[in-house]
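Visitor: So that you have it, the file is start-v8.cif, and it contains mmCIF, C-alpha atoms:
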```cif
data_work
loop_
_atom_site.label_atom_id
_atom_site.label_comp_id
_atom_site.auth_asym_id
_atom_site.auth_seq_id
_atom_site.Cartn_x
_atom_site.Cartn_y
_atom_site.Cartn_z
CA MET A 1 -6.52 59.96 116.46
CA LYS A 2 -5.20 56.76 114.93
CA LEU A 3 -6.82 53.53 116.12
CA GLU A 4 -5.22 50.11 115.87
CA LYS A 5 -6.25 48.12 112.83
CA SER A 6 -7.34 45.17 114.98
CA LEU A 7 -9.76 47.43 116.86
CA LEU A 8 -11.15 48.84 113.61
CA LEU A 9 -11.74 45.30 112.36
CA LEU A 10 -13.57 44.41 115.58
CA ILE A 11 -15.83 47.44 115.22
CA ALA A 12 -16.48 46.68 111.55
CA ALA A 13 -17.38 43.08 112.41
CA ALA A 14 -19.70 44.14 115.25
CA VAL A 15 -21.45 46.63 113.00
CA ALA A 16 -21.75 44.04 110.20
CA VAL A 17 -23.46 41.55 112.53
CA ASN A 18 -26.05 44.21 113.17
CA VAL A 19 -26.96 44.60 109.50
CA ALA A 20 -29.68 42.09 108.65
CA PRO A 21 -30.59 41.32 105.02
CA SER A 22 -34.11 42.41 104.17
CA CYS A 23 -34.74 41.58 100.51
CA SER A 24 -34.57 37.76 100.36
CA LYS A 25 -37.69 35.69 99.68
CA ASN A 26 -36.04 32.44 100.65
CA LYS A 27 -37.52 30.94 103.84
CA GLU A 28 -34.14 30.02 105.29
CA ASP A 29 -32.81 33.47 104.54
CA LYS A 30 -35.83 34.94 106.27
CA LYS A 31 -35.15 32.81 109.32
CA LEU A 32 -31.54 33.95 109.24
CA ALA A 33 -32.65 37.53 108.89
CA ALA A 34 -35.04 37.16 111.83
CA ALA A 35 -32.29 35.61 113.94
CA LYS A 36 -29.91 38.38 113.01
CA GLU A 37 -32.57 40.95 113.76
CA LYS A 38 -33.05 39.41 117.20
CA GLU A 39 -29.31 39.35 117.68
CA LYS A 40 -29.21 42.99 116.69
CA LYS A 41 -31.78 43.87 119.34
CA ASP A 42 -29.90 41.83 121.93
CA LYS A 43 -26.49 43.17 121.03
CA MET A 44 -26.88 46.83 120.41
CA PRO A 45 -29.67 48.94 121.86
CA ILE A 46 -31.04 51.77 119.79
CA PHE A 47 -29.70 55.02 121.15
CA SER A 48 -32.57 57.44 120.90
CA CYS A 49 -31.75 60.42 123.02
CA PRO A 50 -34.19 62.90 124.56
CA ALA A 51 -31.35 64.78 126.13
CA CYS A 52 -31.43 68.14 124.45
CA GLY A 53 -34.96 68.82 125.66
CA MET A 54 -36.17 69.82 122.22
CA GLY A 55 -35.86 66.50 120.53
CA MET B 1 -0.44 75.90 122.20
CA ALA B 2 -3.82 74.59 123.40
CA GLU B 3 -5.47 72.22 121.03
CA ILE B 4 -9.17 71.95 120.18
CA HIS B 5 -10.36 68.43 119.47
CA SER B 6 -13.01 67.57 116.87
CA ALA B 7 -15.17 64.81 118.33
CA ILE B 8 -18.27 62.76 117.71
CA ALA B 9 -20.97 61.68 120.12
CA CYS B 10 -20.38 57.95 119.92
CA ASN B 11 -22.68 55.50 121.63
CA LEU B 12 -23.42 51.82 121.39
CA ASP B 13 -25.56 52.22 118.29
CA ALA B 14 -25.02 50.35 115.03
CA ASP B 15 -26.06 53.29 112.85
CA ILE B 16 -23.82 55.81 114.60
CA LEU B 17 -20.89 53.39 114.48
CA SER B 18 -21.49 52.52 110.81
CA ALA B 19 -21.56 56.19 109.91
CA SER B 20 -18.45 56.90 111.99
CA LEU B 21 -16.32 53.92 110.97
CA PRO B 22 -14.72 55.57 107.90
CA LEU B 23 -13.80 58.54 110.09
CA PHE B 24 -12.20 56.21 112.64
CA GLU B 25 -10.38 54.41 109.82
CA SER B 26 -8.92 57.63 108.50
CA GLY B 27 -7.84 58.71 112.00
CA SER B 28 -9.95 61.87 111.70
CA VAL B 29 -11.75 61.61 115.03
CA ASP B 30 -9.76 63.35 117.77
CA ALA B 31 -12.05 62.38 120.63
CA ILE B 32 -15.37 60.72 121.45
CA GLU B 33 -18.19 61.66 123.76
CA TRP B 34 -19.99 58.73 125.37
CA SER B 35 -23.36 58.81 127.13
CA PHE B 36 -22.43 56.33 129.82
CA ASP B 37 -25.93 56.22 131.35
CA ALA B 38 -27.75 55.16 128.17
CA LEU B 39 -26.97 51.47 128.59
CA HIS B 40 -30.06 50.53 130.55
CA GLN B 41 -30.96 47.72 128.13
CA ARG B 42 -27.78 45.80 128.82
CA GLN B 43 -25.62 44.95 131.80
CA GLU B 44 -22.18 44.66 130.21
CA LEU B 45 -20.33 46.55 127.51
CA PRO B 46 -19.27 44.40 124.54
CA GLU B 47 -15.52 43.90 124.60
CA TRP B 48 -14.98 45.66 121.27
CA PHE B 49 -16.85 48.76 122.47
CA ARG B 50 -14.92 48.71 125.74
CA ALA B 51 -11.73 48.55 123.64
CA LEU B 52 -12.85 51.61 121.66
CA LEU B 53 -13.56 53.57 124.85
CA THR B 54 -10.23 52.44 126.32
CA ALA B 55 -8.29 53.58 123.25
CA PHE B 56 -9.66 57.12 123.52
CA SER B 57 -9.47 57.07 127.32
CA ARG B 58 -5.74 56.27 127.27
CA SER B 59 -5.12 59.30 125.08
CA ASN B 60 -7.19 61.61 127.34
CA ARG B 61 -9.71 61.88 124.51
CA LEU B 62 -12.80 60.36 126.16
CA ILE B 63 -15.49 62.63 127.57
CA GLY B 64 -18.67 61.50 129.35
CA HIS B 65 -22.09 63.03 128.76
CA GLY B 66 -24.94 62.04 131.08
CA ILE B 67 -28.59 62.19 130.11
CA PHE B 68 -30.67 60.94 133.00
CA PHE B 69 -29.37 62.41 136.25
CA SER B 70 -32.24 64.94 136.36
CA ILE B 71 -30.07 67.48 138.07
CA PHE B 72 -32.87 69.81 139.21
CA SER B 73 -35.29 67.25 140.55
CA GLY B 74 -36.66 68.74 143.79
CA LYS B 75 -36.44 65.36 145.47
CA TRP B 76 -33.29 63.28 145.83
CA LEU B 77 -34.13 60.01 144.07
CA PRO B 78 -32.74 56.49 144.61
CA GLU B 79 -32.00 56.41 140.88
CA GLN B 80 -29.70 59.41 141.31
CA GLU B 81 -27.79 57.55 144.01
CA GLN B 82 -27.48 54.60 141.63
CA TRP B 83 -26.44 56.87 138.76
CA LEU B 84 -23.58 58.24 140.87
CA LYS B 85 -22.46 54.72 141.83
CA SER B 86 -22.45 53.74 138.19
CA LEU B 87 -20.50 56.88 137.23
CA LYS B 88 -17.96 56.16 139.96
CA LYS B 89 -17.44 52.69 138.55
CA TYR B 90 -17.04 53.93 134.97
CA ALA B 91 -14.66 56.65 136.15
CA ALA B 92 -12.52 53.92 137.71
CA ASP B 93 -12.57 51.90 134.46
CA PHE B 94 -11.93 54.80 132.09
CA HIS B 95 -10.22 58.15 132.29
CA PHE B 96 -12.78 60.81 131.40
CA ASP B 97 -11.31 64.17 130.51
CA HIS B 98 -14.53 65.61 131.86
CA ILE B 99 -18.14 64.70 132.68
CA THR B 100 -21.21 66.69 131.72
CA GLU B 101 -24.97 66.61 132.24
CA HIS B 102 -27.97 68.41 130.86
CA PHE B 103 -29.72 71.39 132.38
CA GLY B 104 -33.27 70.73 133.56
CA PHE B 105 -35.39 68.08 135.23
CA MET B 106 -36.72 64.93 133.62
CA THR B 107 -40.46 64.87 133.02
CA GLY B 108 -40.85 61.10 133.05
CA LYS B 109 -42.39 58.82 135.61
CA ASP B 110 -39.10 57.05 136.21
CA PHE B 111 -35.46 57.39 135.43
CA HIS B 112 -35.43 56.24 131.83
CA HIS B 113 -38.53 58.05 130.66
CA GLY B 114 -39.16 61.66 129.79
CA ALA B 115 -37.08 64.57 128.54
CA PRO B 116 -35.44 67.46 130.36
CA LEU B 117 -37.38 70.68 130.69
CA SER B 118 -36.35 73.96 132.21
CA ILE B 119 -36.90 75.11 135.79
CA PRO B 120 -37.30 78.51 137.47
CA PHE B 121 -33.96 80.30 137.91
CA SER B 122 -34.34 80.74 141.66
CA PRO B 123 -32.20 80.44 144.83
CA VAL B 124 -33.88 77.07 145.48
CA THR B 125 -32.95 75.55 142.11
CA LEU B 126 -29.49 77.13 142.31
CA ALA B 127 -28.82 75.41 145.66
CA ILE B 128 -30.06 72.06 144.31
CA GLY B 129 -28.01 72.38 141.13
CA ILE B 130 -24.77 73.19 142.96
CA ASP B 131 -25.33 70.30 145.37
CA ARG B 132 -25.86 67.86 142.47
CA LEU B 133 -22.81 69.11 140.56
CA GLN B 134 -20.69 68.61 143.67
CA ARG B 135 -22.00 65.04 143.97
CA ILE B 136 -21.16 64.35 140.32
CA GLN B 137 -17.70 65.81 140.84
CA GLU B 138 -17.19 63.74 143.98
CA ALA B 139 -18.07 60.60 141.98
CA CYS B 140 -15.95 61.25 138.89
CA ARG B 141 -13.06 63.32 140.31
CA CYS B 142 -12.62 65.32 137.15
CA PRO B 143 -13.94 68.59 135.67
CA VAL B 144 -17.74 68.75 135.42
CA GLY B 145 -20.02 70.83 133.24
CA LEU B 146 -23.61 71.53 132.21
CA GLU B 147 -25.11 72.00 128.75
CA ASN B 148 -27.38 74.87 127.83
CA LEU B 149 -30.93 73.73 127.16
CA ALA B 150 -32.61 74.29 123.81
CA PHE B 151 -36.03 74.52 125.35
CA SER B 152 -37.23 77.72 127.03
CA TYR B 153 -40.68 78.74 128.16
CA SER B 154 -40.17 82.44 127.43
CA LEU B 155 -37.80 85.04 125.99
CA ASP B 156 -36.93 86.09 129.53
CA ASP B 157 -35.71 82.52 130.22
CA VAL B 158 -33.60 82.63 127.06
CA LYS B 159 -31.87 85.83 128.17
CA ARG B 160 -31.19 84.64 131.73
CA HIS B 161 -30.05 81.08 130.98
CA GLY B 162 -26.35 81.84 130.50
CA ALA B 163 -26.01 83.88 133.71
CA PHE B 164 -27.77 81.17 135.71
CA LEU B 165 -25.46 78.51 134.26
CA GLU B 166 -22.47 80.59 135.34
CA LYS B 167 -23.79 80.80 138.93
CA LEU B 168 -24.28 77.03 138.95
CA VAL B 169 -20.85 75.98 137.74
CA GLU B 170 -18.75 78.64 139.46
CA PRO B 171 -18.67 76.97 142.95
CA VAL B 172 -17.32 73.72 141.44
CA ASN B 173 -15.00 75.49 138.98
CA GLY B 174 -17.19 73.88 136.36
CA PHE B 175 -17.70 74.70 132.72
CA ILE B 176 -20.52 74.81 130.20
CA ILE B 177 -21.19 72.99 126.98
CA LEU B 178 -22.44 75.57 124.56
CA ASP B 179 -24.80 73.80 122.16
CA LEU B 180 -24.90 76.04 119.11
CA HIS B 181 -27.87 74.27 117.55
CA ASN B 182 -29.76 74.95 120.78
CA LEU B 183 -28.95 78.64 120.30
CA PHE B 184 -30.00 78.33 116.66
CA CYS B 185 -33.39 77.03 117.89
CA GLN B 186 -33.72 79.99 120.23
CA THR B 187 -32.78 82.59 117.63
CA HIS B 188 -35.62 81.24 115.52
CA ASN B 189 -38.22 80.41 118.20
CA PHE B 190 -37.84 83.72 120.05
CA ASN B 191 -36.82 85.91 117.13
CA VAL B 192 -33.52 87.06 118.66
CA ASP B 193 -30.20 87.68 116.95
CA PHE B 194 -27.27 85.37 117.59
CA GLU B 195 -24.77 88.04 118.74
CA PRO B 196 -26.82 89.40 121.67
CA LEU B 197 -27.77 85.85 122.58
CA LEU B 198 -24.13 84.74 122.61
CA ALA B 199 -23.30 87.74 124.79
CA CYS B 200 -25.61 86.30 127.48
CA TYR B 201 -23.23 83.35 128.00
CA PRO B 202 -20.00 83.23 130.04
CA LEU B 203 -17.79 82.29 127.10
CA ASP B 204 -14.69 81.90 129.28
CA ARG B 205 -16.55 78.97 130.87
CA VAL B 206 -17.07 77.13 127.57
CA ARG B 207 -14.95 73.98 127.40
CA GLU B 208 -17.10 72.13 124.87
CA ILE B 209 -19.32 73.06 121.94
CA HIS B 210 -22.07 70.86 120.53
CA ILE B 211 -23.08 70.94 116.89
CA SER B 212 -26.12 69.13 115.47
CA GLY B 213 -29.10 69.38 113.16
CA GLY B 214 -32.80 69.39 113.87
CA SER B 215 -36.24 69.73 112.37
CA TRP B 216 -39.13 72.14 111.86
CA GLU B 217 -42.59 71.70 113.34
CA PRO B 218 -45.60 73.90 112.56
CA SER B 219 -47.45 75.15 115.64
CA VAL B 220 -51.17 74.49 115.95
CA ALA B 221 -51.55 76.77 118.97
CA VAL B 222 -50.04 79.73 117.12
CA PRO B 223 -50.91 79.37 113.41
CA SER B 224 -48.22 80.50 110.96
CA THR B 225 -45.53 79.85 113.59
CA ILE B 226 -42.95 77.16 112.92
CA ILE B 227 -40.90 75.83 115.80
CA ARG B 228 -37.29 74.72 115.40
CA ARG B 229 -36.61 71.55 117.38
CA ASP B 230 -33.26 70.09 118.33
CA THR B 231 -34.08 66.57 117.20
CA HIS B 232 -30.53 65.58 116.20
CA ASP B 233 -31.78 63.78 113.14
CA GLU B 234 -30.77 65.99 110.22
CA LYS B 235 -27.72 67.58 108.65
CA VAL B 236 -26.15 70.58 110.40
CA PRO B 237 -27.54 73.87 108.98
CA ASP B 238 -24.98 76.21 107.37
CA THR B 239 -25.94 78.91 109.88
CA VAL B 240 -24.77 76.68 112.74
CA PHE B 241 -21.37 76.33 111.04
CA ASP B 242 -21.28 80.14 110.82
CA PHE B 243 -22.08 80.30 114.54
CA LEU B 244 -19.13 77.95 115.17
CA ARG B 245 -16.73 80.16 113.21
CA THR B 246 -17.89 83.18 115.20
CA THR B 247 -17.85 81.47 118.60
CA ILE B 248 -14.54 79.57 118.69
CA PRO B 249 -12.26 82.63 118.90
CA ARG B 250 -14.28 83.93 121.85
CA CYS B 251 -13.90 80.80 123.97
CA PRO B 252 -10.37 80.81 125.42
CA ASN B 253 -10.89 77.53 127.29
CA LEU B 254 -12.54 75.56 124.51
CA LYS B 255 -11.21 72.00 124.24
CA PHE B 256 -13.80 69.87 122.39
CA VAL B 257 -16.23 70.45 119.51
CA VAL B 258 -18.65 67.53 119.29
CA LEU B 259 -20.94 66.50 116.42
CA GLU B 260 -24.14 64.89 117.70
CA GLN B 261 -26.57 62.89 115.64
CA LEU B 262 -29.01 60.14 116.54
CA GLY B 263 -28.64 56.72 114.97
CA THR B 264 -32.25 56.96 113.80
CA GLY B 265 -31.16 59.75 111.46
CA LEU B 266 -28.26 57.72 110.06
CA ARG B 267 -29.93 54.75 108.42
CA SER B 268 -29.45 55.67 104.76
CA GLU B 269 -26.09 55.83 103.03
CA ALA B 270 -26.84 59.42 102.00
CA SER B 271 -27.39 60.46 105.64
CA ARG B 272 -24.14 58.74 106.67
CA VAL B 273 -22.20 60.56 103.96
CA ALA B 274 -23.80 63.84 105.08
CA PHE B 275 -22.82 63.08 108.69
CA ARG B 276 -19.20 62.56 107.70
CA ASP B 277 -19.26 65.74 105.60
CA ASP B 278 -20.56 67.63 108.63
CA PHE B 279 -17.76 66.24 110.78
CA LEU B 280 -15.08 67.16 108.25
CA GLN B 281 -16.54 70.64 107.98
CA ILE B 282 -16.30 71.02 111.78
CA GLN B 283 -12.72 69.80 111.63
CA ARG B 284 -11.81 72.35 108.96
CA ILE B 285 -13.32 75.19 111.02
CA VAL B 286 -11.59 73.99 114.20
CA LYS B 287 -8.20 73.67 112.48
CA ALA B 288 -8.50 77.14 110.97
CA ALA B 289 -9.15 78.60 114.42
CA SER B 290 -7.02 76.43 116.64
CA LEU B 291 -3.85 78.47 117.06
CA ARG B 292 -4.27 80.23 120.37
CA ALA B 293 -2.69 80.67 123.78
CA THR B 294 -2.81 77.98 126.44
CA SER B 295 -6.09 77.61 128.33
CA ILE B 296 -6.36 79.77 131.40
CA ASN B 297 -8.80 77.49 133.23
CA THR B 298 -8.43 73.70 133.23
CA PHE B 299 -11.59 73.37 135.36
CA GLN B 300 -9.91 71.12 137.89
CA PRO B 301 -12.22 70.42 140.85
CA PRO B 302 -11.70 72.53 143.96
CA SER B 303 -11.76 70.93 147.38
CA PHE B 304 -15.14 71.15 149.10
CA GLN B 305 -17.12 69.49 151.84
CA LEU B 306 -20.14 67.63 150.52
CA ARG B 307 -23.35 68.05 152.54
CA THR B 308 -24.35 64.89 154.39
CA THR B 309 -27.86 65.01 152.97
CA PRO B 310 -28.73 66.18 149.47
CA VAL B 311 -30.54 69.51 149.13
CA GLU B 312 -34.27 68.99 148.46
CA ASP B 313 -37.36 71.14 148.10
CA SER B 314 -40.75 69.47 148.45
CA LEU B 315 -42.71 72.30 146.82
CA LEU B 316 -40.45 72.24 143.77
CA TYR B 317 -40.90 68.46 143.52
CA ARG B 318 -44.70 68.79 143.75
CA GLN B 319 -44.61 71.44 141.02
CA GLN B 320 -42.41 69.26 138.80
CA THR B 321 -44.67 66.25 139.31
CA ALA B 322 -47.76 68.32 138.45
CA LEU B 323 -46.10 69.81 135.38
CA SER B 324 -44.95 66.41 134.12
CA ARG B 325 -48.44 64.94 134.49
CA ILE B 326 -50.09 67.88 132.73
CA LEU B 327 -47.62 67.85 129.83
CA GLU B 328 -47.83 64.09 129.39
CA GLU B 329 -51.64 63.99 129.41
CA ALA B 330 -52.90 67.26 127.90
CA GLY B 331 -54.57 66.98 124.50
CA SER B 332 -53.61 70.49 123.43
CA GLU B 333 -51.79 73.65 124.46
CA ALA B 334 -55.11 75.18 125.61
CA GLU B 335 -55.88 72.16 127.78
CA ALA B 336 -52.37 72.24 129.27
CA ARG B 337 -52.64 75.96 130.02
CA SER B 338 -56.01 75.61 131.69
CA GLN B 339 -54.70 72.77 133.89
CA LEU B 340 -51.56 74.72 134.73
CA GLU B 341 -53.62 77.74 135.81
CA ALA B 342 -55.50 75.51 138.26
CA SER B 343 -52.33 73.85 139.56
CA VAL B 344 -49.67 74.42 142.19
CA LEU B 345 -47.60 76.11 139.47
CA ALA B 346 -49.96 79.09 139.12
CA HIS B 347 -48.59 82.42 140.40
CA SER B 348 -45.30 80.82 141.40
CA ASP B 349 -41.61 81.14 140.44
CA TRP B 350 -42.46 79.18 137.30
CA GLN B 351 -44.29 82.24 135.90
CA ILE B 352 -46.52 80.05 133.78
CA GLU B 353 -48.65 83.11 133.07
CA HIS B 354 -45.84 84.35 130.78
CA TRP B 355 -45.12 81.11 128.94
CA ASN B 356 -45.05 81.36 125.17
CA ALA B 357 -48.02 79.42 123.71
CA ALA B 358 -46.05 77.72 120.93
CA MET B 359 -43.37 76.66 123.42
CA LEU B 360 -45.93 75.23 125.83
CA GLU B 361 -47.33 73.26 122.91
CA THR B 362 -43.78 72.07 122.15
CA ALA B 363 -43.30 71.03 125.79
CA VAL B 364 -46.45 68.90 125.48
CA HIS B 365 -45.06 67.29 122.32
CA ILE B 366 -41.66 66.62 123.89
CA ALA B 367 -43.09 65.16 127.11
CA GLN B 368 -45.49 62.93 125.20
CA LYS B 369 -42.83 61.81 122.74
CA TRP B 370 -40.52 60.60 125.49
CA LYS B 371 -42.89 59.50 128.23
CA ASN B 372 -42.58 55.86 127.19
CA GLY B 373 -38.81 56.04 127.11
CA PHE B 374 -36.61 54.70 124.36
CA THR B 375 -38.29 53.23 121.31
CA PRO B 376 -36.61 52.39 118.03
CA ASP B 377 -38.49 55.01 116.06
CA ALA B 378 -38.75 57.70 118.69
#
```
For the structure just supplied, provide its representation as structure tokens.

Guide:
Amino acid sequence: MKLEKSLLLLIAAAVAVNVAPSCSKNKEDKKLAAAKEKEKKDKMPIFSCPACGMG
Amino acid sequence: MAEIHSAIACNLDADILSASLPLFESGSVDAIEWSFDALHQRQELPEWFRALLTAFSRSNRLIGHGIFFSIFSGKWLPEQEQWLKSLKKYAADFHFDHITEHFGFMTGKDFHHGAPLSIPFSPVTLAIGIDRLQRIQEACRCPVGLENLAFSYSLDDVKRHGAFLEKLVEPVNGFIILDLHNLFCQTHNFNVDFEPLLACYPLDRVREIHISGGSWEPSVAVPSTIIRRDTHDEKVPDTVFDFLRTTIPRCPNLKFVVLEQLGTGLRSEASRVAFRDDFLQIQRIVKAASLRATSINTFQPPSFQLRTTPVEDSLLYRQQTALSRILEEAGSEAEARSQLEASVLAHSDWQIEHWNAAMLETAVHIAQKWKNGFTPDA
């Protein structure tokens, strides 16, 4: 099914916000990474699913 | 001609969405399946995710898949009442083509802990299951279905599961999700062939098929035995694709084939590429098999009078509570068995005396893995 481009851009942006950099040694970058990591936790819960009963 | 839709299980998870985005961009995804009750960590849906759900909803391509209703709990729980209210609200916001839940009862101490395990196939559990399906149907006003469980305590359970599912869904004109990886687990764990296993299921009641991967776990209780688990964290095995090719032509009412994978298994680029390859493989199989006559059952809800009070059974609830505690606390299969033999479950419909040792050990692992609920690395 075709989705509107504007919606695809919104999804891409939301997913990008949830990708924190992890290789920088710069203090400011680390702060930014920590903030983004927090934002990630706030914005999108991890979906770990026990549902199948064998997982 | 009836069309079969290739779908992905799509939840509010960055890894799932990252892996799926190229498929959305290419317009390959026909439908999405959303677990609407897995949002306990947040109150509101982000607007962009709501927009995604709405887009599929408006094209009749959104299906809902519950996790936590605990359909066979012997006691009617306040959380179940809340779950139905929440479903009713979502069903007003979005058009679900159908709603499904899992077979079993949740082992956990509250509504967002534990994993579903099987129950005795008895008149008591049948009455509870039908009552709960009617309540789900009353809340969502659309076709409802149940998924076959991967976990079984014994070979006898494996053989009787399909017939019991049929008895459950028939009064609500419901359907079943046939999870082919769950059958793959059973062919391995109970050493049965796929064809006779498939023959145990009412294939005219299959409206949805699930496809996923899993993992292998060596048994300590039964040395040299390896258990297949439906962990949804690996690539789909080739055998499961073969099962799909074999099964589709036998399911006249099939409408959706859904690829399921957990976000925790989609963190590397290689795993995301493999996920997309799996989806495209499903799509190729579906397209090759899709030309068929119109569905004979659309699974529309019949009219029925809901009971004023939910069906309950106090003995079943006591047995479930005892089993959950034993599984969550036992240090080994032997310890669990010894506690079970001294419990209210001994010499009952549960037939614990016939439970397969490696599967009891697996039940201990599952219950202990999920007793603390969702964790990032669960």

Visitor: How many Å lie between atom CA of B:Asp97 and atom CA of B:Asp277, rounded to one decimal?

Guide: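 A separation of 26.2 Å between them.
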
Visitor: Name the residues that the PyMOL selection byres ((chain B and resi 226-231) around 6) picks from the file above, as number ranges by chain, using the file's chain letters and numbers.

Guide: A: 54-55; B: 185, 189, 214-219, 225, 232-233

Visitor: Can you list, as a list of chain:residue names, every protein, DNA or RNA residue that comes within 8 Å of stretch 51-56 of chain B when you count all atoms listed in the file, leaving out same-chain residues fewer than 6 positions away?

Guide: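 Here the qualifying residues turn out to be A:Leu3, A:Leu7, B:Ala31, B:Ile32, B:Leu62, B:Phe94.
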
Visitor: Write out, as a JSON list (two decimals), in the frame of the given file, the residues just selected, with C-alpha atoms.

Guide:
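Contents of again-v3.json, freshly written:
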```
[["chain", "number", "residue", "atom", "x", "y", "z"],
["A", 3, "LEU", "CA", -6.82, 53.53, 116.12],
["A", 7, "LEU", "CA", -9.76, 47.43, 116.86],
["B", 31, "ALA", "CA", -12.05, 62.38, 120.63],
["B", 32, "ILE", "CA", -15.37, 60.72, 121.45],
["B", 62, "LEU", "CA", -12.80, 60.36, 126.16],
["B", 94, "PHE", "CA", -11.93, 54.80, 132.09]]
```

Visitor: List the residues selected by the PyMOL selection byres ((chain B) within 7 of (chain A)) in the file shown, writing them as a PDB file with C-alpha atoms, in the frame of the given file.

Guide:
```pdb
ATOM      1  CA  LEU B  12     -23.420  51.820 121.390  1.00  0.00           C
ATOM      2  CA  ASP B  13     -25.560  52.220 118.290  1.00  0.00           C
ATOM      3  CA  ALA B  14     -25.020  50.350 115.030  1.00  0.00           C
ATOM      4  CA  LEU B  17     -20.890  53.390 114.480  1.00  0.00           C
ATOM      5  CA  SER B  18     -21.490  52.520 110.810  1.00  0.00           C
ATOM      6  CA  PHE B  24     -12.200  56.210 112.640  1.00  0.00           C
ATOM      7  CA  GLU B  25     -10.380  54.410 109.820  1.00  0.00           C
ATOM      8  CA  GLY B  27      -7.840  58.710 112.000  1.00  0.00           C
ATOM      9  CA  SER B  28      -9.950  61.870 111.700  1.00  0.00           C
ATOM     10  CA  VAL B  29     -11.750  61.610 115.030  1.00  0.00           C
ATOM     11  CA  ASP B  30      -9.760  63.350 117.770  1.00  0.00           C
ATOM     12  CA  GLN B  41     -30.960  47.720 128.130  1.00  0.00           C
ATOM     13  CA  TRP B  48     -14.980  45.660 121.270  1.00  0.00           C
ATOM     14  CA  ILE B  67     -28.590  62.190 130.110  1.00  0.00           C
ATOM     15  CA  HIS B 102     -27.970  68.410 130.860  1.00  0.00           C
ATOM     16  CA  ALA B 115     -37.080  64.570 128.540  1.00  0.00           C
ATOM     17  CA  PRO B 116     -35.440  67.460 130.360  1.00  0.00           C
ATOM     18  CA  LEU B 117     -37.380  70.680 130.690  1.00  0.00           C
ATOM     19  CA  LEU B 149     -30.930  73.730 127.160  1.00  0.00           C
ATOM     20  CA  ALA B 150     -32.610  74.290 123.810  1.00  0.00           C
ATOM     21  CA  PHE B 151     -36.030  74.520 125.350  1.00  0.00           C
ATOM     22  CA  ARG B 229     -36.610  71.550 117.380  1.00  0.00           C
ATOM     23  CA  ASP B 230     -33.260  70.090 118.330  1.00  0.00           C
ATOM     24  CA  THR B 231     -34.080  66.570 117.200  1.00  0.00           C
ATOM     25  CA  HIS B 232     -30.530  65.580 116.200  1.00  0.00           C
ATOM     26  CA  LEU B 262     -29.010  60.140 116.540  1.00  0.00           C
ATOM     27  CA  GLY B 263     -28.640  56.720 114.970  1.00  0.00           C
ATOM     28  CA  ILE B 366     -41.660  66.620 123.890  1.00  0.00           C
ATOM     29  CA  TRP B 370     -40.520  60.600 125.490  1.00  0.00           C
ATOM     30  CA  PHE B 374     -36.610  54.700 124.360  1.00  0.00           C
ATOM     31  CA  PRO B 376     -36.610  52.390 118.030  1.00  0.00           C
ATOM     32  CA  ALA B 378     -38.750  57.700 118.690  1.00  0.00           C
TER      33      ALA B 378
END
```

Visitor: So the first atom is atom CA of B:Ser303 and the second is atom CA of B:Gln134; what is the distance between them in Å, to one decimal place?

Guide: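 Interatomic distance here is 9.9 Å.
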
Visitor: For B:Glu333, which residue out of B:Glu361, B:Asp131, B:Glu195, B:Glu208 is the nearest one, using all atoms listed in the file?

Guide: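 Closest candidate: B:Glu361.
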
Visitor: What separation in Å, quoted to one decimal, exists between atom CA of B:Trp350 and atom CA of B:His188?

Guide: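 About the pair atom CA of B:Trp350 and atom CA of B:His188: they are 22.9 Å apart.
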
Visitor: Within 6 Å of B:Phe175, counting all atoms listed in the file, which residues show up once you throw out same-chain ones fewer than 3 positions away? Write them as JSON, numbers by chain, please.

Guide: {"B": [145, 205, 206]}

Visitor: Near B:Ile99, within 8 Å and counting all atoms listed in the file, which residues show up once chain neighbours fewer than 6 positions away are dropped, as a list in words?

Guide: Ile63, Gly64, His65, Gly66, Cys140, Cys142, Pro143, Val144 and Gly145 of chain B

Visitor: Please produce a file of the residues just selected, as a PDB file, in the coordinates of the input, where the atoms kept are C-alpha atoms.

Guide:
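So the final result, stored in out_1.pdb, reads:
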```
ATOM      1  CA  ILE B  63     -15.490  62.630 127.570  1.00  0.00           C
ATOM      2  CA  GLY B  64     -18.670  61.500 129.350  1.00  0.00           C
ATOM      3  CA  HIS B  65     -22.090  63.030 128.760  1.00  0.00           C
ATOM      4  CA  GLY B  66     -24.940  62.040 131.080  1.00  0.00           C
ATOM      5  CA  CYS B 140     -15.950  61.250 138.890  1.00  0.00           C
ATOM      6  CA  CYS B 142     -12.620  65.320 137.150  1.00  0.00           C
ATOM      7  CA  PRO B 143     -13.940  68.590 135.670  1.00  0.00           C
ATOM      8  CA  VAL B 144     -17.740  68.750 135.420  1.00  0.00           C
ATOM      9  CA  GLY B 145     -20.020  70.830 133.240  1.00  0.00           C
TER      10      GLY B 145
END
```

Visitor: Within 7 Å of B:Phe105, counting only C-alpha atoms, which residues show up once you throw out same-chain ones fewer than 2 positions away? Write them as number ranges by chain, please.

Guide: B: 70-73, 107, 116-118

Visitor: So that I can check the surroundings of B:Phe190, please list as a list in words every protein, DNA and RNA residue that reaches within 10 Å of it, counting all atoms listed in the file and ignoring chain neighbours fewer than 5 positions away.

Guide: Ser152, Tyr153, Ser154, Leu155, Asp156, Val158, Cys185, Ile227, Asn356 and Met359 of chain B

Visitor: Would you compute, for all listed atoms of stretch 55-71 of chain B, the axis-aligned bounding box grown by 5 Å on each side, and then report its centre and edge lengths in Å rounded to one decimal, as JSON?

Guide:
```
{"center_x": -18.7, "center_y": 60.5, "center_z": 130.7, "size_x": 37.1, "size_y": 23.9, "size_z": 24.8}
```
